[in-house]
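Data file: final-v2.txt. Format and content: compact mmCIF, C-alpha atoms.
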# COMPACT_ATOMS: atom_id res chain seq x y z
CA MET A 1433 -41.02 19.38 -17.65
CA SER A 1434 -38.84 22.49 -17.71
CA GLY A 1435 -37.85 24.13 -20.99
CA LYS A 1436 -34.23 23.11 -20.42
CA THR A 1437 -35.19 19.46 -19.89
CA ALA A 1438 -37.46 19.46 -22.94
CA ALA A 1439 -34.66 20.90 -25.11
CA ALA A 1440 -32.27 18.18 -23.93
CA SER A 1441 -34.89 15.56 -24.75
CA LYS A 1442 -35.21 16.98 -28.26
CA LYS A 1443 -31.44 16.89 -28.78
CA LEU A 1444 -31.35 13.23 -27.75
CA SER A 1445 -34.29 12.24 -29.92
CA LYS A 1446 -32.56 13.11 -33.22
CA PRO A 1447 -29.66 10.61 -32.91
CA MET A 1448 -32.07 8.05 -31.57
CA ARG A 1449 -34.27 8.53 -34.62
CA ALA A 1450 -31.22 8.27 -36.90
CA LEU A 1451 -30.13 5.07 -35.16
CA ALA A 1452 -33.61 3.60 -35.54
CA ALA A 1453 -33.59 4.46 -39.25
CA VAL A 1454 -30.21 2.73 -39.71
CA ILE A 1455 -31.47 -0.38 -37.89
CA ILE A 1456 -34.58 -0.50 -40.12
CA VAL A 1457 -32.49 -0.16 -43.29
CA LEU A 1458 -30.10 -2.89 -42.14
CA ALA A 1459 -33.02 -5.16 -41.30
CA ILE A 1460 -34.50 -4.64 -44.77
CA LEU A 1461 -31.14 -5.32 -46.45
CA TYR A 1462 -30.68 -8.49 -44.39
CA TYR A 1463 -34.15 -9.73 -45.34
CA VAL A 1464 -33.51 -9.06 -49.04
CA TRP A 1465 -30.13 -10.82 -48.87
CA GLN A 1466 -31.57 -13.84 -47.07
CA ASN A 1467 -34.51 -14.25 -49.41
CA TYR A 1468 -33.45 -12.86 -52.78
CA GLY A 1469 -29.68 -12.42 -52.74
CA ASP A 1470 -28.90 -15.54 -54.73
CA SER A 1471 -31.54 -14.81 -57.33
CA ILE A 1472 -30.18 -11.30 -57.83
CA ALA A 1473 -26.60 -12.58 -58.05
CA ASP A 1474 -27.52 -15.20 -60.61
CA SER A 1475 -29.91 -13.15 -62.71
CA ALA A 1476 -27.13 -12.09 -65.12
CA ASP A 1477 -26.62 -14.14 -68.27
CA PRO A 1478 -24.30 -17.09 -67.50
CA VAL A 1479 -21.00 -17.59 -69.36
CA GLY A 1480 -19.60 -20.58 -70.80
CA ALA A 1481 -8.61 -26.32 -65.84
CA ASP A 1482 -2.81 -31.75 -60.65
CA PHE A 1483 -4.09 -30.50 -57.43
CA LEU A 1484 -2.26 -31.02 -54.28
CA ASP A 1485 -4.82 -32.79 -50.36
CA ALA A 1486 -4.40 -30.12 -48.14
CA HIS A 1487 -4.05 -32.13 -45.02
CA GLY A 1488 -5.81 -35.40 -44.54
CA GLU A 1489 -5.17 -37.15 -41.26
CA THR A 1490 -5.24 -40.90 -41.86
CA GLY A 1491 -7.28 -43.07 -39.57
CA GLN A 1492 -6.67 -41.06 -36.41
CA THR A 1493 -9.20 -38.99 -34.55
CA GLY A 1494 -9.16 -37.32 -31.17
CA THR A 1495 -6.01 -35.26 -31.73
CA GLN A 1496 -5.88 -31.77 -33.17
CA PRO A 1497 -4.78 -32.10 -36.81
CA ALA A 1498 -1.94 -29.76 -37.69
CA ARG A 1499 -2.80 -27.13 -40.30
CA PRO A 1500 -0.20 -27.23 -43.10
CA PRO A 1501 1.76 -24.04 -43.81
CA ALA A 1502 0.79 -22.20 -46.97
CA GLY A 1503 2.26 -23.77 -50.07
CA SER A 1504 3.28 -27.02 -48.40
CA ALA A 1505 0.10 -29.04 -48.65
CA SER A 1506 -1.05 -31.49 -51.27
CA LEU A 1507 -4.24 -33.27 -52.32
CA PRO A 1508 -4.41 -37.03 -51.95
CA GLY A 1509 -4.04 -37.41 -55.72
CA ASN A 1510 -6.17 -39.73 -57.79
CA SER A 1511 -7.57 -42.69 -55.88
CA GLU A 1512 -6.38 -46.21 -56.56
CA ALA A 1513 -8.42 -48.58 -58.73
CA ASP A 1514 -9.69 -50.58 -55.73
CA LYS A 1515 -10.67 -47.51 -53.70
CA LEU A 1516 -13.30 -44.79 -53.85
CA ARG A 1517 -12.66 -41.24 -52.69
CA ILE A 1518 -15.76 -39.26 -51.74
CA TYR A 1519 -15.83 -35.49 -51.16
CA SER A 1520 -18.42 -33.22 -49.60
CA PHE A 1521 -18.20 -29.55 -50.50
CA ASN A 1522 -20.38 -26.51 -49.83
CA ILE A 1523 -19.33 -24.39 -52.81
CA GLN A 1524 -21.20 -21.30 -51.52
CA ILE A 1525 -23.83 -19.75 -53.76
CA PHE A 1526 -22.91 -21.65 -56.89
CA GLY A 1527 -24.46 -20.18 -59.99
CA ALA A 1528 -23.95 -17.92 -63.00
CA SER A 1529 -21.98 -15.30 -61.08
CA LYS A 1530 -19.42 -17.80 -59.82
CA MET A 1531 -19.10 -19.39 -63.25
CA LYS A 1532 -17.97 -16.01 -64.63
CA LYS A 1533 -14.88 -16.05 -62.38
CA THR A 1534 -12.53 -18.14 -64.51
CA ASN A 1535 -9.77 -18.63 -61.93
CA VAL A 1536 -12.30 -19.58 -59.27
CA VAL A 1537 -13.85 -22.13 -61.61
CA ASP A 1538 -10.39 -23.53 -62.44
CA VAL A 1539 -9.73 -24.19 -58.74
CA LEU A 1540 -13.14 -25.80 -58.28
CA VAL A 1541 -12.67 -28.04 -61.33
CA ASP A 1542 -9.23 -29.05 -60.03
CA ILE A 1543 -10.64 -30.01 -56.63
CA ILE A 1544 -13.60 -31.98 -57.97
CA SER A 1545 -11.38 -33.79 -60.51
CA HIS A 1546 -9.65 -35.57 -57.62
CA ALA A 1547 -12.88 -37.05 -56.29
CA ASP A 1548 -14.67 -40.19 -57.44
CA VAL A 1549 -17.84 -38.75 -55.92
CA ALA A 1550 -18.45 -35.15 -54.89
CA ALA A 1551 -21.55 -34.18 -52.91
CA VAL A 1552 -22.05 -30.45 -53.45
CA GLN A 1553 -24.26 -28.15 -51.41
CA GLU A 1554 -25.58 -24.63 -52.03
CA VAL A 1555 -26.36 -24.63 -55.74
CA ARG A 1556 -28.50 -21.50 -55.94
CA SER A 1557 -28.74 -20.86 -59.66
CA THR A 1558 -32.27 -20.37 -60.94
CA SER A 1559 -31.40 -22.48 -63.99
CA ASP A 1560 -29.37 -25.66 -64.55
CA GLU A 1561 -27.08 -23.97 -67.08
CA PRO A 1562 -24.17 -23.17 -64.69
CA VAL A 1563 -24.14 -26.82 -63.56
CA GLN A 1564 -24.07 -28.02 -67.15
CA GLN A 1565 -21.27 -25.57 -67.99
CA PHE A 1566 -19.21 -26.78 -65.05
CA MET A 1567 -19.69 -30.42 -65.99
CA MET A 1568 -18.31 -29.71 -69.46
CA LEU A 1569 -15.03 -28.63 -67.84
CA LEU A 1570 -14.60 -31.92 -65.96
CA PRO A 1571 -13.07 -35.04 -67.54
CA ALA A 1572 -15.50 -36.92 -69.78
CA GLN A 1573 -16.09 -39.79 -67.34
CA TYR A 1574 -17.99 -37.58 -64.86
CA ASP A 1575 -21.77 -37.48 -64.69
CA TYR A 1576 -24.12 -36.02 -62.10
CA VAL A 1577 -27.41 -36.08 -60.24
CA LEU A 1578 -29.10 -32.75 -59.50
CA GLY A 1579 -31.86 -32.61 -56.93
CA PRO A 1580 -34.94 -30.35 -56.96
CA ARG A 1581 -34.80 -26.76 -55.72
CA GLU A 1582 -35.46 -26.88 -51.97
CA GLY A 1583 -36.32 -24.24 -49.37
CA ARG A 1584 -39.20 -22.45 -47.72
CA THR A 1585 -38.18 -18.97 -48.94
CA ALA A 1586 -37.28 -17.52 -52.34
CA SER A 1587 -33.67 -18.45 -51.55
CA LYS A 1588 -33.82 -22.06 -52.70
CA GLU A 1589 -30.95 -24.50 -53.17
CA GLN A 1590 -30.23 -27.73 -54.99
CA TYR A 1591 -28.06 -30.68 -54.02
CA TRP A 1592 -25.59 -31.75 -56.68
CA VAL A 1593 -23.77 -35.09 -56.73
CA ILE A 1594 -20.95 -35.58 -59.25
CA TYR A 1595 -19.57 -39.07 -59.83
CA ASN A 1596 -16.98 -40.98 -61.86
CA THR A 1597 -18.80 -43.34 -64.21
CA GLU A 1598 -15.65 -45.45 -64.64
CA LYS A 1599 -15.92 -46.55 -61.02
CA LEU A 1600 -19.62 -46.53 -60.16
CA SER A 1601 -23.13 -46.08 -61.43
CA VAL A 1602 -26.41 -44.71 -60.06
CA VAL A 1603 -29.04 -47.27 -59.15
CA ASP A 1604 -31.61 -44.71 -58.03
CA SER A 1605 -31.99 -41.32 -56.35
CA ALA A 1606 -34.67 -39.71 -54.18
CA THR A 1607 -35.44 -36.75 -51.95
CA TYR A 1608 -36.54 -37.41 -48.37
CA ASP A 1609 -40.32 -37.32 -48.00
CA ASP A 1610 -40.41 -34.63 -45.31
CA SER A 1611 -44.13 -34.69 -44.56
CA ASP A 1612 -43.53 -33.11 -41.13
CA ASP A 1613 -41.54 -30.24 -42.67
CA ARG A 1614 -38.55 -30.80 -40.40
CA PHE A 1615 -35.94 -29.77 -42.97
CA GLN A 1616 -35.52 -26.45 -44.75
CA ARG A 1617 -33.95 -28.47 -47.58
CA SER A 1618 -34.94 -32.13 -47.67
CA PRO A 1619 -31.87 -34.41 -47.91
CA LEU A 1620 -31.08 -35.91 -51.30
CA ALA A 1621 -29.96 -39.55 -51.45
CA VAL A 1622 -28.22 -41.30 -54.33
CA TYR A 1623 -27.98 -45.08 -54.32
CA PHE A 1624 -24.65 -46.04 -55.89
CA ARG A 1625 -23.21 -49.34 -57.05
CA THR A 1626 -19.49 -49.63 -57.75
CA LYS A 1627 -17.91 -51.77 -60.47
CA ASP A 1628 -17.01 -54.25 -57.71
CA ARG A 1629 -18.98 -55.23 -54.56
CA PHE A 1630 -19.51 -51.98 -52.69
CA ASP A 1631 -22.98 -50.47 -53.00
CA PHE A 1632 -24.06 -47.63 -50.72
CA ILE A 1633 -26.42 -44.73 -50.16
CA LEU A 1634 -24.93 -41.23 -50.22
CA ILE A 1635 -27.10 -38.72 -48.33
CA ASN A 1636 -26.41 -35.07 -49.08
CA ASN A 1637 -27.50 -32.39 -46.58
CA HIS A 1638 -27.34 -28.67 -45.97
CA ILE A 1639 -28.66 -28.10 -42.46
CA GLN A 1640 -30.38 -24.78 -41.83
CA PRO A 1641 -28.22 -22.88 -39.27
CA SER A 1642 -31.14 -21.48 -37.27
CA ASP A 1643 -32.73 -24.96 -36.99
CA ALA A 1644 -29.52 -27.00 -36.73
CA GLU A 1645 -30.45 -28.83 -33.53
CA LYS A 1646 -33.88 -29.87 -34.80
CA GLU A 1647 -32.69 -30.86 -38.28
CA ILE A 1648 -29.63 -32.80 -37.11
CA ALA A 1649 -31.83 -34.70 -34.64
CA ALA A 1650 -34.09 -35.66 -37.57
CA LEU A 1651 -31.27 -37.07 -39.71
CA PRO A 1652 -31.27 -40.63 -38.28
CA GLU A 1653 -34.91 -41.06 -39.32
CA ALA A 1654 -34.08 -39.76 -42.79
CA ILE A 1655 -31.23 -42.28 -42.97
CA ARG A 1656 -33.57 -45.13 -41.99
CA TYR A 1657 -36.08 -43.91 -44.59
CA PHE A 1658 -33.56 -44.38 -47.40
CA GLN A 1659 -32.24 -47.66 -45.95
CA ARG A 1660 -35.76 -49.09 -46.02
CA MET A 1661 -36.43 -47.70 -49.48
CA TRP A 1662 -33.50 -49.57 -51.05
CA ASN A 1663 -32.96 -52.35 -48.50
CA GLU A 1664 -29.38 -51.15 -48.08
CA SER A 1665 -27.63 -50.65 -44.73
CA ASP A 1666 -24.48 -48.88 -45.97
CA ALA A 1667 -25.19 -45.15 -45.78
CA LEU A 1668 -22.72 -42.26 -45.96
CA VAL A 1669 -24.15 -39.03 -44.59
CA VAL A 1670 -22.34 -35.89 -45.71
CA GLY A 1671 -22.78 -32.17 -46.07
CA ASP A 1672 -22.75 -28.81 -44.36
CA PHE A 1673 -24.31 -29.68 -41.00
CA ASN A 1674 -23.59 -26.27 -39.41
CA ALA A 1675 -22.76 -28.50 -36.45
CA ASP A 1676 -20.64 -26.07 -34.46
CA GLY A 1677 -20.23 -22.45 -33.41
CA ILE A 1678 -23.31 -20.47 -32.44
CA TYR A 1679 -25.61 -22.84 -34.32
CA TYR A 1680 -25.02 -26.14 -32.54
CA ASN A 1681 -23.25 -27.64 -29.55
CA GLU A 1682 -20.83 -29.99 -31.33
CA ASN A 1683 -20.67 -32.27 -28.28
CA LYS A 1684 -24.30 -33.29 -28.88
CA LEU A 1685 -23.47 -34.88 -32.23
CA ALA A 1686 -22.19 -38.09 -30.63
CA SER A 1687 -25.54 -38.67 -28.91
CA VAL A 1688 -27.42 -38.32 -32.22
CA PHE A 1689 -24.91 -40.60 -33.98
CA PRO A 1690 -23.74 -43.07 -31.29
CA ASP A 1691 -20.71 -45.30 -31.86
CA SER A 1692 -22.91 -48.40 -31.81
CA ASP A 1693 -24.65 -47.32 -35.02
CA TYR A 1694 -22.37 -44.80 -36.70
CA GLN A 1695 -18.84 -43.50 -37.08
CA ILE A 1696 -18.30 -39.76 -37.18
CA VAL A 1697 -15.34 -39.53 -39.55
CA ILE A 1698 -14.87 -35.75 -39.53
CA THR A 1699 -14.80 -35.09 -35.80
CA ASN A 1700 -14.88 -31.90 -33.74
CA GLU A 1701 -11.10 -31.37 -33.99
CA TYR A 1702 -11.26 -30.35 -37.63
CA ASN A 1703 -11.72 -26.83 -38.94
CA THR A 1704 -13.76 -26.85 -42.14
CA THR A 1705 -14.28 -23.12 -42.67
CA VAL A 1706 -12.19 -20.64 -44.68
CA ALA A 1707 -12.90 -17.89 -42.13
CA GLU A 1708 -10.56 -17.27 -39.21
CA SER A 1709 -13.05 -18.91 -36.87
CA ASP A 1710 -12.36 -22.56 -36.06
CA ASN A 1711 -15.58 -24.52 -36.65
CA THR A 1712 -16.44 -28.03 -37.82
CA TYR A 1713 -19.52 -27.24 -39.85
CA ASP A 1714 -18.97 -29.92 -42.50
CA ARG A 1715 -19.27 -33.59 -41.56
CA PHE A 1716 -18.80 -37.09 -42.93
CA ILE A 1717 -20.71 -39.76 -40.99
CA ILE A 1718 -21.07 -43.43 -41.91
CA THR A 1719 -23.36 -46.19 -40.65
CA ALA A 1720 -21.86 -49.10 -38.69
CA SER A 1721 -22.18 -51.52 -41.59
CA SER A 1722 -20.03 -49.21 -43.73
CA LYS A 1723 -17.05 -49.43 -41.37
CA GLU A 1724 -15.77 -52.59 -43.08
CA ASP A 1725 -15.53 -50.62 -46.32
CA PHE A 1726 -13.82 -47.53 -44.83
CA THR A 1727 -10.06 -47.45 -45.51
CA GLY A 1728 -9.35 -45.15 -42.55
CA ASN A 1729 -8.14 -42.40 -44.87
CA PHE A 1730 -9.93 -39.07 -44.63
CA GLY A 1731 -9.24 -35.37 -44.33
CA VAL A 1732 -10.04 -31.75 -45.06
CA VAL A 1733 -8.85 -30.11 -48.29
CA TYR A 1734 -7.28 -26.85 -47.09
CA TYR A 1735 -6.98 -25.41 -50.56
CA ASP A 1736 -5.78 -22.04 -49.28
CA ALA A 1737 -2.49 -23.80 -48.53
CA VAL A 1738 -2.29 -25.37 -51.98
CA TYR A 1739 -2.80 -22.71 -54.63
CA ASP A 1740 -0.83 -19.54 -55.19
CA PHE A 1741 -3.88 -17.32 -54.83
CA PRO A 1742 -2.05 -13.97 -55.24
CA SER A 1743 -0.83 -15.07 -58.68
CA LEU A 1744 -4.38 -16.11 -59.56
CA GLY A 1745 -5.70 -12.70 -58.60
CA ILE A 1746 -8.36 -14.17 -56.31
CA GLU A 1747 -8.79 -14.96 -52.63
CA PRO A 1748 -9.61 -18.39 -51.14
CA LYS A 1749 -12.96 -17.08 -49.88
CA GLU A 1750 -14.00 -16.47 -53.49
CA VAL A 1751 -13.84 -20.23 -54.06
CA SER A 1752 -16.03 -20.88 -51.01
CA ASP A 1753 -16.38 -20.16 -47.33
CA HIS A 1754 -15.99 -23.91 -46.69
CA PHE A 1755 -13.22 -26.45 -47.24
CA PRO A 1756 -14.17 -29.83 -48.74
CA VAL A 1757 -14.05 -32.89 -46.49
CA TRP A 1758 -13.34 -36.39 -47.79
CA ALA A 1759 -13.14 -40.06 -46.91
CA GLU A 1760 -11.97 -43.14 -48.80
CA PHE A 1761 -13.56 -46.59 -49.15
CA TYR A 1762 -12.64 -50.00 -50.50
CA ILE A 1763 -14.85 -51.11 -53.38
CA GLY A 1764 -14.28 -54.86 -53.06
CA ARG A 1765 -14.86 -55.68 -49.36
CA ASP A 1766 -18.61 -55.20 -48.99
CA THR A 1767 -20.34 -58.18 -47.35
CA ASP A 1768 -23.95 -57.02 -46.98
For the structure just supplied, provide its representation as structure tokens.
Amino acid sequence: MSGKTAAASKKLSKPMRALAAVIIVLAILYYVWQNYGDSIADSADPVGADFLDAHGETGQTGTQPARPPAGSASLPGNSEADKLRIYSFNIQIFGASKMKKTNVVDVLVDIISHADVAAVQEVRSTSDEPVQQFMMLLPAQYDYVLGPREGRTASKEQYWVIYNTEKLSVVDSATYDDSDDRFQRSPLAVYFRTKDRFDFILINNHIQPSDAEKEIAALPEAIRYFQRMWNESDALVVGDFNADGIYYNENKLASVFPDSDYQIVITNEYNTTVAESDNTYDRFIITASSKEDFTGNFGVVYYDAVYDFPSLGIEPKEVSDHFPVWAEFYIGRDTD
């Protein structure tokens, strides 16, 4: 190699070394965030609010639902006495840090207060104290079920199910016995009985993005597991499925949950993310026997079109990176 060529090689090696160093640092930061970010965020001492349905299409699927303009949307309001409104909401890293943001908490309390049942995903606090603090801000008739901390890494999560005791009670609850280790976070099921005839199993999930195809494919067996456990066919499967975008081909969902056995209530036409991307990560799926109890009313709570966020001094993404999804059921028509 000539001296000139060797010198050029040396000049090129310095930026290449710098680039490699940057990549290594980014990789380390990503690993720390993935495995310990929630624990770091929630390590600080925890501290101890009528909402409008941002767009709920009623009974119609297969057409693109129109997104309401900012400030024009409304929540469905409180459900009627003979109906049950059930929400599913990934609140995004819920814990002590989020509970310190008063205006964020006020929005969350407002949203949850319009649900008879709210299945929450991504509780990452290392203690139950933030959950208990939040519950104290809800009306007195609300109680909750909190599942065990789940996950293969240090970044563990809990499922949280909030419910209105004036309309229903908990018969039992259980976590899926995942002996084959198919789920990063084993689904949590709560067996509910309403004050009238409708009893059902609510199955709460947060599908791991990198394993979305495998975990979604395993959900029907998990559903059957809980149906056998309680001898109950009515099952409502909700949560952050990550069933879209780069994680999952949304068109495969119908083959996992065929019309003969299920109804996919929140279909591919709905955007459930706060980000500019248009993805249907969050789902609401019901078993065939539950169709007689479904009112046909459902939707996505686009809360960014409801609240005056500039006056609150916060951004919608501080509430969550997901919008809640919901569906409504009759409590007096159950025949099984």
* Would you mind reading off the distance between atom CA of Glu1760 of chain A and atom CA of Gly1728 of chain A, one decimal, in Å? =>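 Between these atoms lies a distance of 7.1 Å.
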* Residue neighbourhood Phe1741 of chain A, 12 Å, all atoms listed in the file, exclusion window fewer than 5 positions, as a ChimeraX atom specification -> /A:1502-1503,1535-1536,1538-1539,1735-1736,1746-1751
* Asked: So which residues touch Tyr1680 of chain A within 10 Å, counting only C-alpha atoms, skipping near sequence neighbours fewer than 3 positions away, as a list of chain:residue names?
  ->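 What passes the distance filter is A:Pro1641, A:Ser1642, A:Asp1643, A:Ala1644, A:Glu1645, A:Lys1646, A:Ile1648, A:Phe1673, A:Asn1674, A:Ala1675, A:Asp1676, A:Gly1677, A:Asn1683, A:Lys1684, A:Leu1685, A:Tyr1713.
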* To do: To one decimal in Å, tell me the separation between atom CA of Asn1596 of chain A and atom CA of Asp1575 of chain A.
  => 6.6 Å
* To do: Provide the atom CA of Asp1612 of chain A to atom CA of Ile1594 of chain A distance in Å, to one decimal place.
  =>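 Taking atom CA of Asp1612 of chain A as the start and atom CA of Ile1594 of chain A as the end point, the length is 29.1 Å.
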Any idea what's packed within 10 Å of Ser1511 of chain A, counting all atoms listed in the file, ignoring anything in its chain fewer than 4 positions away? Could you give it as a PDB file with C-alpha atoms, in the coordinates of the input?
ATOM      1  CA  LYS A1515     -10.670 -47.510 -53.700  1.00  0.00           C
ATOM      2  CA  LEU A1516     -13.300 -44.790 -53.850  1.00  0.00           C
ATOM      3  CA  ARG A1517     -12.660 -41.240 -52.690  1.00  0.00           C
ATOM      4  CA  ILE A1518     -15.760 -39.260 -51.740  1.00  0.00           C
ATOM      5  CA  HIS A1546      -9.650 -35.570 -57.620  1.00  0.00           C
ATOM      6  CA  ALA A1547     -12.880 -37.050 -56.290  1.00  0.00           C
ATOM      7  CA  ASP A1548     -14.670 -40.190 -57.440  1.00  0.00           C
ATOM      8  CA  GLU A1760     -11.970 -43.140 -48.800  1.00  0.00           C
ATOM      9  CA  PHE A1761     -13.560 -46.590 -49.150  1.00  0.00           C
TER      10      PHE A1761
END
* Can you pull out every residue within 7 Å of segment 1620-1635 of chain A, counting all atoms listed in the file, but drop anything in the same chain fewer than 3 positions away, and send it as a ChimeraX atom specification? => /A:1579,1591,1599-1608,1664,1666-1670,1763-1766
* To do: Could you give me, as a list in words, the residues within 10 Å of Ser1752 of chain A, counting all atoms listed in the file and dropping anything in the same chain fewer than 3 positions from it?
  =>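 Those residues are Phe1521, Asn1522, Ile1523, Gln1524, Ile1525, Phe1526, Lys1530, Val1536, Leu1540, Thr1705, Val1706, Ala1707, Glu1747, Pro1748, Lys1749, Phe1755 and Pro1756 of chain A.
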* Give as a PyMOL selection string each residue that has an atom at most 12 Å from (-33.1, -25.7, -51.3) in the file, counting all atoms listed in the file. => chain A and resi 1467+1470+1525+1553-1558+1578-1592+1607+1615-1620+1636-1640
Box for segment 1562-1578 of chain A: with edges along x, y and z, all listed atoms inside and 5 Å added on each side, what are the centre and edge lengths in Å to one decimal, as JSON?
{"center_x": -21.1, "center_y": -31.5, "center_z": -64.6, "size_x": 26.0, "size_y": 26.6, "size_z": 20.3}
* Find, counting all atoms listed in the file, the residue in A:Ser1611, A:Leu1569, A:Asp1740, A:Val1757 that gets nearest to Tyr1702 of chain A. =>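 Going through A:Ser1611, A:Leu1569, A:Asp1740, A:Val1757 one by one, the smallest distance to Tyr1702 of chain A is for A:Val1757.
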